[in-house]
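run_16.csv, holding CSV, C-alpha atoms:
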chain,number,residue,atom,x,y,z
A,1,MET,CA,0.2,19.4,18.5
A,2,ARG,CA,1.1,20.4,14.9
A,3,ILE,CA,1.6,17.2,12.9
A,4,ALA,CA,3.5,16.7,9.6
A,5,PHE,CA,2.2,13.7,7.6
A,6,VAL,CA,5.1,12.0,5.8
A,7,ASP,CA,3.4,10.9,2.6
A,8,GLY,CA,4.9,8.0,0.5
A,9,GLY,CA,2.7,9.0,-2.4
A,10,THR,CA,0.7,5.8,-2.4
A,11,TYR,CA,-3.1,5.5,-2.8
A,12,TYR,CA,-3.5,4.6,0.8
A,13,HIS,CA,-1.5,7.5,2.1
A,14,HIS,CA,-3.7,9.7,-0.1
A,15,ALA,CA,-6.8,8.1,1.2
A,16,THR,CA,-5.7,8.5,4.9
A,17,PHE,CA,-4.5,12.1,4.6
A,18,ASN,CA,-7.6,13.2,2.7
A,19,ASP,CA,-10.1,11.3,4.8
A,20,PRO,CA,-12.7,13.8,6.0
A,21,ALA,CA,-12.9,11.9,9.3
A,22,PHE,CA,-9.3,13.1,10.0
A,23,SER,CA,-9.9,16.6,8.9
A,24,GLY,CA,-7.9,19.0,11.1
A,25,ILE,CA,-5.5,16.3,12.4
A,26,PHE,CA,-2.6,16.9,10.0
A,27,ASP,CA,-1.1,20.3,9.5
A,28,VAL,CA,1.4,19.7,6.8
A,29,ASN,CA,2.0,17.1,4.1
A,30,ILE,CA,5.5,16.2,3.2
A,31,HIS,CA,6.2,13.9,0.2
A,32,ALA,CA,8.7,11.4,1.6
A,33,PRO,CA,11.5,12.2,-1.0
A,34,ASP,CA,11.2,15.9,0.0
A,35,LEU,CA,11.6,15.2,3.7
A,36,VAL,CA,15.3,15.8,3.6
A,37,ARG,CA,14.7,19.4,2.5
A,38,ALA,CA,11.6,20.1,4.6
A,39,ASP,CA,11.2,22.9,7.1
A,40,LEU,CA,10.0,21.4,10.3
A,41,SER,CA,10.4,24.4,12.5
A,42,GLU,CA,6.7,24.9,12.9
A,43,VAL,CA,5.9,21.2,13.5
A,44,ASP,CA,5.7,19.3,16.8
A,45,CYS,CA,5.3,15.8,15.5
A,46,LEU,CA,6.6,14.0,12.5
A,47,TYR,CA,4.0,11.2,11.6
A,48,VAL,CA,5.7,8.6,9.4
A,49,ALA,CA,2.8,6.8,7.9
A,50,SER,CA,3.1,3.0,7.5
A,51,ARG,CA,4.9,1.5,4.5
A,52,GLN,CA,7.5,3.8,3.1
A,53,ASN,CA,10.6,3.5,1.0
A,54,PRO,CA,13.2,3.5,3.8
A,55,LEU,CA,15.7,5.1,1.5
A,56,ASP,CA,13.7,8.4,1.7
A,57,LEU,CA,13.9,8.2,5.5
A,58,ILE,CA,17.6,7.2,5.7
A,59,ALA,CA,18.4,10.3,3.5
A,60,ALA,CA,16.6,12.4,6.1
A,61,ARG,CA,18.2,10.7,9.1
A,62,GLN,CA,20.2,13.8,10.3
A,63,MET,CA,17.3,16.1,10.1
A,64,ILE,CA,15.1,13.6,12.0
A,65,ALA,CA,17.8,13.5,14.7
A,66,ASP,CA,17.8,17.3,14.8
A,67,PHE,CA,14.0,17.3,15.1
A,68,LEU,CA,14.3,15.0,18.1
A,69,ALA,CA,17.1,17.0,19.5
A,70,ALA,CA,14.6,20.0,19.6
A,71,GLY,CA,12.5,17.9,22.0
A,72,LYS,CA,9.9,16.9,19.4
A,73,LEU,CA,8.0,13.7,18.7
A,74,VAL,CA,8.5,11.2,15.9
A,75,VAL,CA,5.9,8.5,15.1
A,76,ALA,CA,7.3,5.6,13.1
A,77,LEU,CA,4.6,3.2,11.9
A,78,GLY,CA,5.0,-0.3,10.5
A,79,GLU,CA,7.0,-1.3,7.4
A,80,THR,CA,9.0,1.9,7.4
A,81,ARG,CA,12.2,0.2,8.8
A,82,PRO,CA,12.8,2.7,11.6
A,83,GLU,CA,15.9,0.7,12.8
A,84,LEU,CA,17.6,2.2,9.8
A,85,TRP,CA,16.9,5.8,10.5
A,86,LEU,CA,16.1,6.1,14.3
A,87,ASP,CA,18.6,5.4,17.1
A,88,ASN,CA,18.0,2.5,19.5
A,89,VAL,CA,15.3,0.7,17.5
A,90,GLU,CA,15.6,-3.0,17.4
A,91,TRP,CA,13.1,-4.7,15.0
A,92,ARG,CA,13.0,-8.4,14.4
A,93,PRO,CA,11.3,-9.4,11.1
A,94,GLY,CA,8.9,-12.4,11.3
A,95,GLU,CA,6.8,-14.4,9.0
A,96,THR,CA,3.4,-12.6,8.9
A,97,ASN,CA,0.5,-14.9,9.6
A,98,PHE,CA,-2.3,-13.1,7.9
A,99,TRP,CA,-4.7,-15.9,8.7
A,100,TRP,CA,-4.3,-16.5,12.4
A,101,TRP,CA,-7.9,-15.4,13.1
A,102,LEU,CA,-9.3,-18.1,11.0
A,103,GLU,CA,-8.1,-20.8,13.4
A,104,PRO,CA,-10.3,-22.1,16.2
A,105,ASP,CA,-9.6,-20.4,19.5
A,106,ALA,CA,-7.3,-18.1,17.7
A,107,ASP,CA,-4.9,-16.1,19.8
A,108,SER,CA,-3.5,-12.9,18.2
A,109,GLY,CA,-0.4,-13.2,20.4
A,110,LEU,CA,-0.9,-9.6,21.5
A,111,ARG,CA,-1.5,-8.3,25.1
A,112,VAL,CA,-2.1,-5.0,26.7
A,113,GLY,CA,1.2,-3.5,27.8
A,114,ASP,CA,1.0,-0.6,30.2
A,115,GLU,CA,-2.7,-0.2,30.7
A,116,THR,CA,-2.2,3.2,32.2
A,117,HIS,CA,-0.8,4.6,29.0
A,118,GLY,CA,-2.8,7.5,27.6
A,119,LEU,CA,-3.6,5.7,24.3
A,120,TYR,CA,-5.9,3.3,26.3
A,121,ALA,CA,-8.2,6.3,27.0
A,122,ARG,CA,-8.9,6.2,23.2
A,123,LEU,CA,-8.7,2.6,22.1
A,124,VAL,CA,-8.8,-1.0,23.2
A,125,LEU,CA,-6.4,-3.9,22.4
A,126,ALA,CA,-8.8,-5.2,19.7
A,127,ASP,CA,-8.3,-1.9,17.8
A,128,ALA,CA,-4.6,-2.6,17.6
A,129,THR,CA,-5.1,-6.2,16.5
A,130,TRP,CA,-4.8,-7.4,13.0
A,131,HIS,CA,-1.6,-9.1,11.9
A,132,ARG,CA,2.0,-8.7,12.9
A,133,HIS,CA,5.0,-7.5,10.8
A,134,GLY,CA,7.7,-8.6,13.1
A,135,ASP,CA,8.2,-7.2,16.6
A,136,LEU,CA,10.3,-4.7,18.6
A,137,VAL,CA,12.5,-4.7,21.7
A,138,THR,CA,11.2,-2.1,24.1
A,139,PRO,CA,14.2,0.2,25.0
A,140,SER,CA,15.0,0.1,28.7
A,141,GLY,CA,12.9,2.7,30.4
A,142,ALA,CA,10.4,3.1,27.5
A,143,ILE,CA,6.7,2.1,27.8
A,144,SER,CA,5.4,-0.9,25.8
A,145,VAL,CA,1.8,-0.1,25.0
A,146,VAL,CA,1.1,-3.3,23.1
A,147,ASN,CA,3.1,-6.4,24.1
A,148,THR,CA,3.6,-9.8,22.4
A,149,VAL,CA,3.1,-12.9,24.5
A,150,ASP,CA,6.8,-13.6,24.2
A,151,GLY,CA,7.8,-10.4,25.9
A,152,ARG,CA,8.4,-8.1,23.0
A,153,SER,CA,6.4,-5.1,21.7
A,154,ILE,CA,4.5,-4.0,18.6
A,155,LEU,CA,4.0,-0.4,19.9
A,156,TYR,CA,6.1,1.4,22.4
A,157,ASP,CA,6.5,5.0,23.6
A,158,ASP,CA,10.1,6.0,24.1
A,159,ALA,CA,11.2,9.2,25.8
A,160,VAL,CA,14.4,7.8,27.2
A,161,SER,CA,16.6,6.7,24.3
A,162,GLY,CA,17.7,10.3,23.6
A,163,PRO,CA,16.2,13.8,23.3
A,164,GLY,CA,12.7,14.0,22.1
A,165,ARG,CA,10.2,11.2,22.0
A,166,ARG,CA,9.7,8.2,19.7
A,167,ILE,CA,6.5,6.2,19.2
A,168,VAL,CA,7.4,3.1,17.3
A,169,SER,CA,5.1,0.4,16.0
A,170,THR,CA,5.0,-2.5,13.6
A,171,LEU,CA,1.3,-1.7,12.9
A,172,ASP,CA,0.4,-0.6,9.4
A,173,PRO,CA,-2.9,1.2,9.9
A,174,CYS,CA,-2.7,3.7,7.0
A,175,TYR,CA,-2.2,0.9,4.5
A,176,HIS,CA,-5.3,-1.0,5.6
A,177,HIS,CA,-7.5,2.0,6.3
A,178,GLY,CA,-6.6,3.5,3.0
A,179,SER,CA,-7.3,0.1,1.3
A,180,TYR,CA,-10.8,0.0,2.9
A,181,PHE,CA,-9.8,-3.4,4.1
A,182,MET,CA,-9.4,-3.8,7.9
A,183,PRO,CA,-12.0,-2.3,10.3
A,184,ALA,CA,-9.6,-2.6,13.2
A,185,ALA,CA,-7.0,-0.4,11.4
A,186,THR,CA,-9.7,2.2,10.9
A,187,ARG,CA,-10.7,2.0,14.6
A,188,PHE,CA,-7.0,2.3,15.5
A,189,LEU,CA,-6.6,5.6,13.6
A,190,HIS,CA,-9.8,6.9,15.0
A,191,GLY,CA,-8.3,6.5,18.5
A,192,PHE,CA,-4.6,7.1,17.8
A,193,LEU,CA,-4.8,10.3,15.7
A,194,PRO,CA,-7.1,12.4,18.0
A,195,TRP,CA,-4.9,11.2,20.9
A,196,LEU,CA,-1.8,12.4,19.0
A,197,LYS,CA,-3.5,15.7,18.1
A,198,ALA,CA,-4.4,16.3,21.8
A,199,GLY,CA,-0.7,16.2,22.7
A,200,ALA,CA,-0.2,12.5,23.0
A,201,PRO,CA,-0.6,12.4,26.9
A,202,VAL,CA,1.5,9.6,28.3
A,203,ARG,CA,-1.0,8.8,31.0
A,204,ARG,CA,-4.7,8.4,30.7
B,1,MET,CA,13.7,-11.4,-27.5
B,2,THR,CA,10.7,-9.6,-28.9
B,3,HIS,CA,9.6,-7.9,-25.7
B,4,ASN,CA,11.2,-5.1,-23.7
B,5,VAL,CA,9.4,-4.9,-20.4
B,6,LEU,CA,9.9,-2.6,-17.5
B,7,HIS,CA,8.5,-3.5,-14.1
B,8,ILE,CA,8.5,-0.5,-11.7
B,9,ARG,CA,9.2,-1.6,-8.2
B,10,ALA,CA,7.5,0.1,-5.2
B,11,VAL,CA,10.0,-1.2,-2.6
B,12,SER,CA,7.3,-1.6,0.0
B,13,HIS,CA,5.3,-4.9,-0.2
B,14,GLU,CA,7.5,-6.7,-2.7
B,15,MET,CA,6.5,-10.1,-3.9
B,16,PRO,CA,9.5,-12.5,-4.4
B,17,ALA,CA,7.4,-15.0,-6.4
B,18,PHE,CA,6.6,-12.4,-9.0
B,19,LEU,CA,10.1,-10.9,-9.1
B,20,GLY,CA,11.4,-14.4,-9.7
B,21,LEU,CA,9.0,-14.8,-12.7
B,22,LEU,CA,10.2,-11.5,-14.2
B,23,LYS,CA,13.8,-12.5,-13.8
B,24,SER,CA,13.3,-15.9,-15.4
B,25,ARG,CA,11.9,-14.1,-18.5
B,26,ALA,CA,14.6,-11.5,-18.6
B,27,MET,CA,12.2,-8.7,-17.8
B,28,ALA,CA,13.7,-5.6,-16.2
B,29,SER,CA,12.6,-4.7,-12.6
B,30,ARG,CA,13.7,-1.3,-11.4
B,31,SER,CA,12.9,0.9,-8.4
B,32,LEU,CA,10.9,4.0,-9.2
B,33,ARG,CA,13.4,6.2,-7.3
B,34,GLU,CA,16.1,5.4,-9.8
B,35,LEU,CA,14.2,5.8,-13.1
B,36,SER,CA,14.6,8.6,-15.6
B,37,ALA,CA,12.5,9.4,-18.7
B,38,GLU,CA,15.1,7.5,-20.7
B,39,ASP,CA,14.2,4.2,-18.9
B,40,PHE,CA,10.6,4.4,-20.3
B,41,ARG,CA,11.8,4.5,-24.0
B,42,GLU,CA,11.2,1.7,-26.4
B,43,ARG,CA,9.5,-0.5,-23.9
B,44,THR,CA,6.8,-2.9,-25.1
B,45,ALA,CA,5.1,-3.0,-21.7
B,46,ILE,CA,5.4,-1.2,-18.4
B,47,LEU,CA,4.1,-2.9,-15.3
B,48,ILE,CA,3.2,-0.8,-12.3
B,49,GLU,CA,2.7,-2.0,-8.7
B,50,ALA,CA,-0.3,-1.1,-6.6
B,51,HIS,CA,2.1,0.2,-3.9
B,52,ILE,CA,3.8,2.6,-6.2
B,53,ASP,CA,4.4,6.2,-5.2
B,54,GLN,CA,1.8,7.8,-7.5
B,55,ARG,CA,3.0,11.3,-6.6
B,56,ALA,CA,6.4,10.5,-7.9
B,57,MET,CA,4.9,8.9,-11.0
B,58,LEU,CA,3.4,12.3,-11.9
B,59,ALA,CA,7.0,13.3,-12.8
B,60,HIS,CA,6.9,10.5,-15.5
B,61,ARG,CA,3.5,11.5,-17.0
B,62,ALA,CA,5.1,12.6,-20.3
B,63,ALA,CA,7.2,9.5,-20.5
B,64,LEU,CA,4.2,7.2,-19.9
B,65,ARG,CA,2.2,9.2,-22.5
B,66,ALA,CA,5.0,8.8,-25.0
B,67,HIS,CA,5.1,5.1,-24.3
B,68,LEU,CA,1.4,4.8,-25.0
B,69,ASP,CA,1.5,7.0,-28.0
B,70,ALA,CA,4.1,4.7,-29.4
B,71,GLY,CA,1.8,1.8,-29.1
B,72,GLY,CA,3.0,0.4,-25.8
B,73,THR,CA,1.1,-1.4,-23.0
B,74,VAL,CA,0.7,-0.2,-19.4
B,75,VAL,CA,-0.4,-2.6,-16.7
B,76,PHE,CA,-1.5,-0.5,-13.8
B,77,ASN,CA,-2.5,-1.8,-10.4
B,78,GLY,CA,-4.0,0.0,-7.4
B,79,HIS,CA,-6.4,2.8,-6.7
B,80,LEU,CA,-5.7,5.6,-9.1
B,81,VAL,CA,-5.7,8.7,-7.0
B,82,TYR,CA,-3.4,11.1,-8.9
B,83,PRO,CA,-3.8,12.3,-12.5
B,84,ILE,CA,-1.1,10.1,-14.0
B,85,PHE,CA,-3.1,9.4,-17.1
B,86,ASP,CA,-4.8,12.3,-18.8
B,87,GLU,CA,-8.0,10.4,-19.8
B,88,LEU,CA,-8.7,8.4,-16.6
B,89,GLU,CA,-10.8,9.2,-13.6
B,90,PRO,CA,-9.8,8.5,-10.0
B,91,PHE,CA,-10.8,5.4,-8.0
B,92,ARG,CA,-14.3,5.1,-6.6
B,93,VAL,CA,-14.7,2.9,-3.6
B,94,ALA,CA,-17.6,0.4,-3.7
B,95,ALA,CA,-20.5,1.3,-1.4
B,96,GLY,CA,-20.7,-2.1,0.3
B,97,ARG,CA,-18.1,-3.9,2.4
B,98,GLY,CA,-20.0,-7.1,3.1
B,99,VAL,CA,-19.3,-10.5,1.6
B,100,LYS,CA,-22.2,-10.3,-0.8
B,101,ASP,CA,-20.9,-6.8,-2.0
B,102,LEU,CA,-17.5,-8.2,-2.8
B,103,ILE,CA,-18.3,-11.2,-5.1
B,104,VAL,CA,-16.4,-11.0,-8.4
B,105,GLU,CA,-18.0,-11.9,-11.7
B,106,ARG,CA,-16.4,-12.3,-15.2
B,107,VAL,CA,-17.7,-9.9,-17.8
B,108,HIS,CA,-15.4,-10.7,-20.7
B,109,PRO,CA,-12.7,-13.5,-21.2
B,110,HIS,CA,-9.1,-12.5,-21.5
B,111,PRO,CA,-6.0,-14.7,-21.9
B,112,VAL,CA,-4.6,-13.4,-18.6
B,113,PHE,CA,-7.5,-15.0,-16.8
B,114,ASP,CA,-7.8,-18.3,-18.7
B,115,GLY,CA,-8.6,-21.1,-16.3
B,116,VAL,CA,-8.9,-18.6,-13.3
B,117,SER,CA,-12.1,-19.3,-11.3
B,118,CYS,CA,-14.0,-16.2,-10.1
B,119,ASP,CA,-14.4,-18.0,-6.8
B,120,ASP,CA,-10.6,-17.8,-6.4
B,121,LEU,CA,-10.8,-14.0,-7.1
B,122,SER,CA,-13.8,-13.5,-4.7
B,123,PHE,CA,-12.3,-15.5,-1.8
B,124,ARG,CA,-8.9,-16.3,-0.4
B,125,ARG,CA,-9.1,-18.9,2.3
B,126,GLY,CA,-12.8,-18.1,2.5
B,127,VAL,CA,-12.2,-14.4,3.0
B,128,ALA,CA,-13.8,-12.0,0.6
B,129,GLY,CA,-12.5,-8.6,-0.7
B,130,PHE,CA,-8.9,-9.1,-1.7
B,131,TYR,CA,-9.4,-8.7,-5.4
B,132,GLY,CA,-11.3,-5.4,-5.4
B,133,ARG,CA,-13.2,-3.1,-3.2
B,134,GLY,CA,-14.0,-0.5,-5.8
B,135,ALA,CA,-12.7,0.5,-9.2
B,136,ASN,CA,-10.9,2.9,-11.4
B,137,PRO,CA,-13.7,3.9,-13.7
B,138,ALA,CA,-13.5,2.3,-17.1
B,139,PRO,CA,-13.6,4.6,-20.2
B,140,PRO,CA,-16.8,4.0,-22.2
B,141,ASP,CA,-14.9,2.0,-24.9
B,142,ALA,CA,-12.9,-0.1,-22.5
B,143,VAL,CA,-13.5,-3.9,-22.3
B,144,VAL,CA,-14.4,-4.8,-18.7
B,145,LEU,CA,-13.0,-8.1,-17.6
B,146,HIS,CA,-14.3,-8.5,-14.1
B,147,ARG,CA,-16.7,-6.5,-12.0
B,148,LEU,CA,-18.3,-6.6,-8.6
B,149,GLN,CA,-21.6,-8.5,-9.1
B,150,ARG,CA,-23.5,-6.3,-6.6
B,151,ASP,CA,-22.7,-2.8,-7.8
B,152,GLY,CA,-21.0,-3.3,-11.1
B,153,SER,CA,-17.7,-1.7,-10.1
B,154,PRO,CA,-15.3,-2.5,-13.1
B,155,LEU,CA,-12.5,-4.2,-11.1
B,156,ASP,CA,-10.3,-4.7,-14.2
B,157,TRP,CA,-10.5,-3.7,-17.8
B,158,VAL,CA,-8.4,-3.2,-20.9
B,159,TRP,CA,-8.6,-0.1,-22.9
B,160,GLN,CA,-7.3,0.5,-26.4
B,161,ARG,CA,-6.4,4.2,-26.1
B,162,PRO,CA,-7.6,6.2,-29.2
B,163,ARG,CA,-4.2,8.0,-29.4
B,164,GLY,CA,-2.3,4.7,-29.2
B,165,GLY,CA,-1.3,2.0,-26.8
B,166,GLN,CA,-3.4,0.2,-24.3
B,167,ILE,CA,-4.0,0.2,-20.6
B,168,PHE,CA,-4.6,-3.0,-18.6
B,169,MET,CA,-6.1,-1.7,-15.4
B,170,HIS,CA,-6.6,-3.6,-12.1
B,171,GLY,CA,-8.0,-1.3,-9.4
B,172,GLY,CA,-7.0,-3.4,-6.5
B,173,ASN,CA,-3.8,-4.9,-5.0
B,174,SER,CA,-1.4,-6.0,-7.6
B,175,CYS,CA,-3.0,-8.7,-9.8
B,176,TRP,CA,0.2,-10.8,-9.6
B,177,MET,CA,0.0,-11.1,-5.8
B,178,TYR,CA,-1.6,-14.5,-6.1
B,179,ALA,CA,1.5,-16.0,-7.9
B,180,ALA,CA,2.3,-18.3,-5.0
B,181,ASP,CA,-1.3,-19.2,-4.1
B,182,GLN,CA,-2.5,-22.8,-4.3
B,183,THR,CA,-5.5,-21.8,-6.4
B,184,SER,CA,-6.3,-21.0,-10.0
B,185,ALA,CA,-5.6,-17.3,-9.2
B,186,ALA,CA,-1.9,-18.3,-9.4
B,187,ARG,CA,-2.3,-18.5,-13.1
B,188,ILE,CA,-2.7,-14.7,-13.4
B,189,ALA,CA,0.9,-13.7,-13.1
B,190,PRO,CA,2.5,-16.1,-15.6
B,191,GLN,CA,-0.4,-15.7,-18.0
B,192,LEU,CA,0.0,-11.9,-17.8
B,193,LEU,CA,3.6,-12.3,-18.8
B,194,ASP,CA,2.7,-14.8,-21.5
B,195,TRP,CA,0.2,-12.3,-22.9
B,196,ILE,CA,2.8,-9.5,-22.9
B,197,GLU,CA,5.4,-11.8,-24.5
B,198,ALA,CA,2.9,-12.5,-27.2
B,199,GLY,CA,2.7,-8.8,-28.0
B,200,ALA,CA,-0.3,-8.1,-25.7
B,201,PRO,CA,-2.9,-8.6,-28.4
B,202,ALA,CA,-6.1,-6.6,-28.0
B,203,VAL,CA,-9.2,-8.5,-27.0
B,204,LEU,CA,-12.4,-8.0,-29.0
B,205,GLY,CA,-14.7,-5.3,-27.6
B,206,LYS,CA,-18.0,-7.0,-27.5
B,207,GLU,CA,-19.4,-8.3,-24.2
B,208,GLU,CA,-20.3,-12.0,-24.2
B,209,GLU,CA,-23.8,-12.8,-23.1

Mind turning the file's structure into C-alpha cells?
Amino acid sequence: MRIAFVDGGTYYHHATFNDPAFSGIFDVNIHAPDLVRADLSEVDCLYVASRQNPLDLIAARQMIADFLAAGKLVVALGETRPELWLDNVEWRPGETNFWWWLEPDADSGLRVGDETHGLYARLVLADATWHRHGDLVTPSGAISVVNTVDGRSILYDDAVSGPGRRIVSTLDPCYHHGSYFMPAATRFLHGFLPWLKAGAPVRR
Amino acid sequence: MTHNVLHIRAVSHEMPAFLGLLKSRAMASRSLRELSAEDFRERTAILIEAHIDQRAMLAHRAALRAHLDAGGTVVFNGHLVYPIFDELEPFRVAAGRGVKDLIVERVHPHPVFDGVSCDDLSFRRGVAGFYGRGANPAPPDAVVLHRLQRDGSPLDWVWQRPRGGQIFMHGGNSCWMYAADQTSAARIAPQLLDWIEAGAPAVLGKEEE
C-alpha cells in the first residue's frame, strides 16, 4: 500500500510524519492546501491525519471522489469533518468528556464492533480508547470496528457506499501522539499504521 | 484604541471563551488561510495558536520579521517545528513523561501570570502534563518564566529580540486554553490581553532568587 499523508502543517502532523517509529509507512507528504493540485496516480491510500482545516478538504472534494472512483482507499480521521467532503458520512457532534476516566467505575462508552475485523489482529479496544469527538452512523453494509454503547460508531470500514473504500473515525491519534500526550493514541498508531501499510486486510 | 492586535486562527481546536475575550476588546481574529502580508502591517501584537499550520506560516516569515523589526510583539504557542523565526531553535521534548517530570515551577514573575498558581499549571483536575511536555529552546538572553522542575525545560519565556520586537513563547498548548477553567490558570488569558493593551512592556532580565 502506497500511502499519502495529508499534512495540515501543525506540529503534531510534523511529529507523526517524521517519527522514526513510522519510518517507511508514508510514501508521500501532501500539504493540505496543495491537495487539490496533487498527483495521486501512484498512491493507493489517502491518509487524512486528524485535525485539519476542512476547507482544504472541501476544495479537494472532486479529486477525492475521483480517487475513490479508481477503487482506492481514503482514511478520514477525527476532527477533519469528513461529512463535508466524503459521501454518505453522518457525524454527530457531542460534548467531549475529557475526564470520564477519572470517575469511579468509569465506562468509556466504547465497545468492540466486529471482532473479526483485520484491525483487531494489530490492536485491542483499549488502544482506541481515549475521549470521543462525537460519533458516526455506520452506513448500511459497512463494518463498525469500534461501537458506542448506544449503537453508533467511532471507527468504521466502508466499502459499500460507493466505489473505493472509506475508513472513517472520530479518533484523533496524530494530535495526541504528536503532542506526546496520550499513550493509547500512540499504541493505536503502532497498530493501525502497519495494518494499513500491509494492505488493510478486512479480516484478521 | 492604542493597540492593533491580530489573532491568527487555526480553525481546528478553537476556543470560544478566548475568541469572546478578543471580540470584547476589539482585537481582530482572522483565519490563517485568508491572510496576506498586508494583514501583518502596523500591528502591535500578533497572537498565534498552538494548532496553527506552521508550514503555511513559513510563507509569512518576512511579514513576521518586519513586524518584529518594527518593534511588535509576537505571542507564539505550540511546538516550534518549522523555521518560522530565523533565530529560534526547534522544540525539544522533555525526557520524562511521569507526574514528577511534569511539575511546573516559576522562574521569573510576569504580569501575564500574576496570581496564577504553579499548581494550576502543573495539574488540571489532578492530571499532569497539560502545560508543557518539553520546550522551544530559549535564546541565551531570554527571560524564562516557567520551566519543568525536573529537567529545566523552559516552558515559556519572553525574549527582547536584538533587532527589535519581542517574542512571548509558550511551547505547549495555547496558553489561553484555560480561559474557562475554574482555577487561577483562567487569569492567563485576560492578563495576557491586559499586558498587550498596556503596550506589552518588557520585564527585567534578572532571575529572582

(request) Find, counting only C-alpha atoms, the residue in A:Phe67, A:Tyr120, A:Trp130, A:Trp91 that gets nearest to Arg166 of chain A. (result) A:Phe67

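One distance worth recording is that between atom CA of Asp120 of chain B and atom CA of Arg106 of chain B, which is 11.9 Å.
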
(message) What does the structure give for the distance between atom CA of Gly98 of chain B and atom CA of Asp151 of chain B, in Å to one decimal?
(response)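 For atom CA of Gly98 of chain B relative to atom CA of Asp151 of chain B, the distance reads 12.0 Å.
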
Exercise: Tyr11 of chain A partners within 12 Å, all atoms listed in the file, chain neighbours under 2 positions left out, as a JSON list (two decimals) with C-alpha atoms, keeping the file's coordinate frame:
[["chain", "number", "residue", "atom", "x", "y", "z"],
["A", 7, "ASP", "CA", 3.40, 10.90, 2.60],
["A", 8, "GLY", "CA", 4.90, 8.00, 0.50],
["A", 9, "GLY", "CA", 2.70, 9.00, -2.40],
["A", 13, "HIS", "CA", -1.50, 7.50, 2.10],
["A", 14, "HIS", "CA", -3.70, 9.70, -0.10],
["A", 15, "ALA", "CA", -6.80, 8.10, 1.20],
["A", 16, "THR", "CA", -5.70, 8.50, 4.90],
["A", 17, "PHE", "CA", -4.50, 12.10, 4.60],
["A", 18, "ASN", "CA", -7.60, 13.20, 2.70],
["A", 19, "ASP", "CA", -10.10, 11.30, 4.80],
["A", 51, "ARG", "CA", 4.90, 1.50, 4.50],
["A", 174, "CYS", "CA", -2.70, 3.70, 7.00],
["A", 175, "TYR", "CA", -2.20, 0.90, 4.50],
["A", 176, "HIS", "CA", -5.30, -1.00, 5.60],
["A", 177, "HIS", "CA", -7.50, 2.00, 6.30],
["A", 178, "GLY", "CA", -6.60, 3.50, 3.00],
["A", 179, "SER", "CA", -7.30, 0.10, 1.30],
["A", 180, "TYR", "CA", -10.80, 0.00, 2.90],
["B", 49, "GLU", "CA", 2.70, -2.00, -8.70],
["B", 50, "ALA", "CA", -0.30, -1.10, -6.60],
["B", 51, "HIS", "CA", 2.10, 0.20, -3.90],
["B", 52, "ILE", "CA", 3.80, 2.60, -6.20],
["B", 53, "ASP", "CA", 4.40, 6.20, -5.20],
["B", 54, "GLN", "CA", 1.80, 7.80, -7.50],
["B", 55, "ARG", "CA", 3.00, 11.30, -6.60],
["B", 56, "ALA", "CA", 6.40, 10.50, -7.90],
["B", 57, "MET", "CA", 4.90, 8.90, -11.00],
["B", 77, "ASN", "CA", -2.50, -1.80, -10.40],
["B", 78, "GLY", "CA", -4.00, 0.00, -7.40],
["B", 79, "HIS", "CA", -6.40, 2.80, -6.70],
["B", 80, "LEU", "CA", -5.70, 5.60, -9.10],
["B", 81, "VAL", "CA", -5.70, 8.70, -7.00],
["B", 82, "TYR", "CA", -3.40, 11.10, -8.90],
["B", 83, "PRO", "CA", -3.80, 12.30, -12.50],
["B", 90, "PRO", "CA", -9.80, 8.50, -10.00],
["B", 91, "PHE", "CA", -10.80, 5.40, -8.00],
["B", 92, "ARG", "CA", -14.30, 5.10, -6.60],
["B", 93, "VAL", "CA", -14.70, 2.90, -3.60],
["B", 136, "ASN", "CA", -10.90, 2.90, -11.40],
["B", 171, "GLY", "CA", -8.00, -1.30, -9.40],
["B", 172, "GLY", "CA", -7.00, -3.40, -6.50],
["B", 173, "ASN", "CA", -3.80, -4.90, -5.00]]

(message) If we count all atoms listed in the file and set the cut-off at 7 Å, which residues sit around Ile30 of chain A, ignoring sequence neighbours fewer than 3 positions away in its own chain? Please answer as a PyMOL selection string.
(response) chain A and resi 4-7+34-35

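As for atom CA of Leu193 of chain B and atom CA of Met177 of chain B, they are spaced 13.5 Å apart.
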
(request) Excluding Thr2 of chain B and any residue of its chain fewer than 6 positions from it, enumerate the residues within 9 Å of it, using all atoms listed in the file, and give them as a list in words. (result)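 In the requested form, the answer reads Thr44, Glu197, Ala198 and Gly199 of chain B.
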
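Proximity ranking of B:Leu64, B:Ile8, B:Leu19, B:Ala128 relative to chain A places B:Ala128 first, based on all atoms listed in the file.
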
(message) List the spatial neighbours of Ala142 of chain A as an MDAnalysis selection string - criterion: any atom at most 10 Å away, only C-alpha atoms, same-chain residues fewer than 4 positions off excluded.
(response) chainID A and resid 137:138 156:161 165:167

(message) Need to verify the contact set: Thr116 of chain A, 9 Å, all atoms listed in the file, exclusion of same-chain residues closer than 3 positions in sequence. Can you return it as a list in words?
(response)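 The residues satisfying every condition are Gly113, Leu119, Tyr120, Ala121, Val145, Val202, Arg203 and Arg204 of chain A.
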
N, CA and C atoms restored at segment 128-133 of chain B, emitted as a PDB file, in the frame of the given file:
ATOM      1  N   ALA B 128     -13.413 -12.730   1.750  1.00  0.00           N
ATOM      2  CA  ALA B 128     -13.800 -12.000   0.600  1.00  0.00           C
ATOM      3  C   ALA B 128     -13.047 -10.604   0.567  1.00  0.00           C
ATOM      4  N   GLY B 129     -12.885 -10.047  -0.615  1.00  0.00           N
ATOM      5  CA  GLY B 129     -12.500  -8.600  -0.700  1.00  0.00           C
ATOM      6  C   GLY B 129     -11.062  -8.364  -1.064  1.00  0.00           C
ATOM      7  N   PHE B 130     -10.242  -9.408  -1.300  1.00  0.00           N
ATOM      8  CA  PHE B 130      -8.900  -9.100  -1.700  1.00  0.00           C
ATOM      9  C   PHE B 130      -8.773  -8.550  -3.089  1.00  0.00           C
ATOM     10  N   TYR B 131      -9.641  -9.015  -3.972  1.00  0.00           N
ATOM     11  CA  TYR B 131      -9.400  -8.700  -5.400  1.00  0.00           C
ATOM     12  C   TYR B 131      -9.839  -7.246  -5.706  1.00  0.00           C
ATOM     13  N   GLY B 132     -10.916  -6.788  -5.110  1.00  0.00           N
ATOM     14  CA  GLY B 132     -11.300  -5.400  -5.400  1.00  0.00           C
ATOM     15  C   GLY B 132     -12.403  -4.937  -4.479  1.00  0.00           C
ATOM     16  N   ARG B 133     -12.271  -3.685  -4.068  1.00  0.00           N
ATOM     17  CA  ARG B 133     -13.200  -3.100  -3.200  1.00  0.00           C
ATOM     18  C   ARG B 133     -13.714  -1.735  -3.762  1.00  0.00           C
TER      19      ARG B 133
END
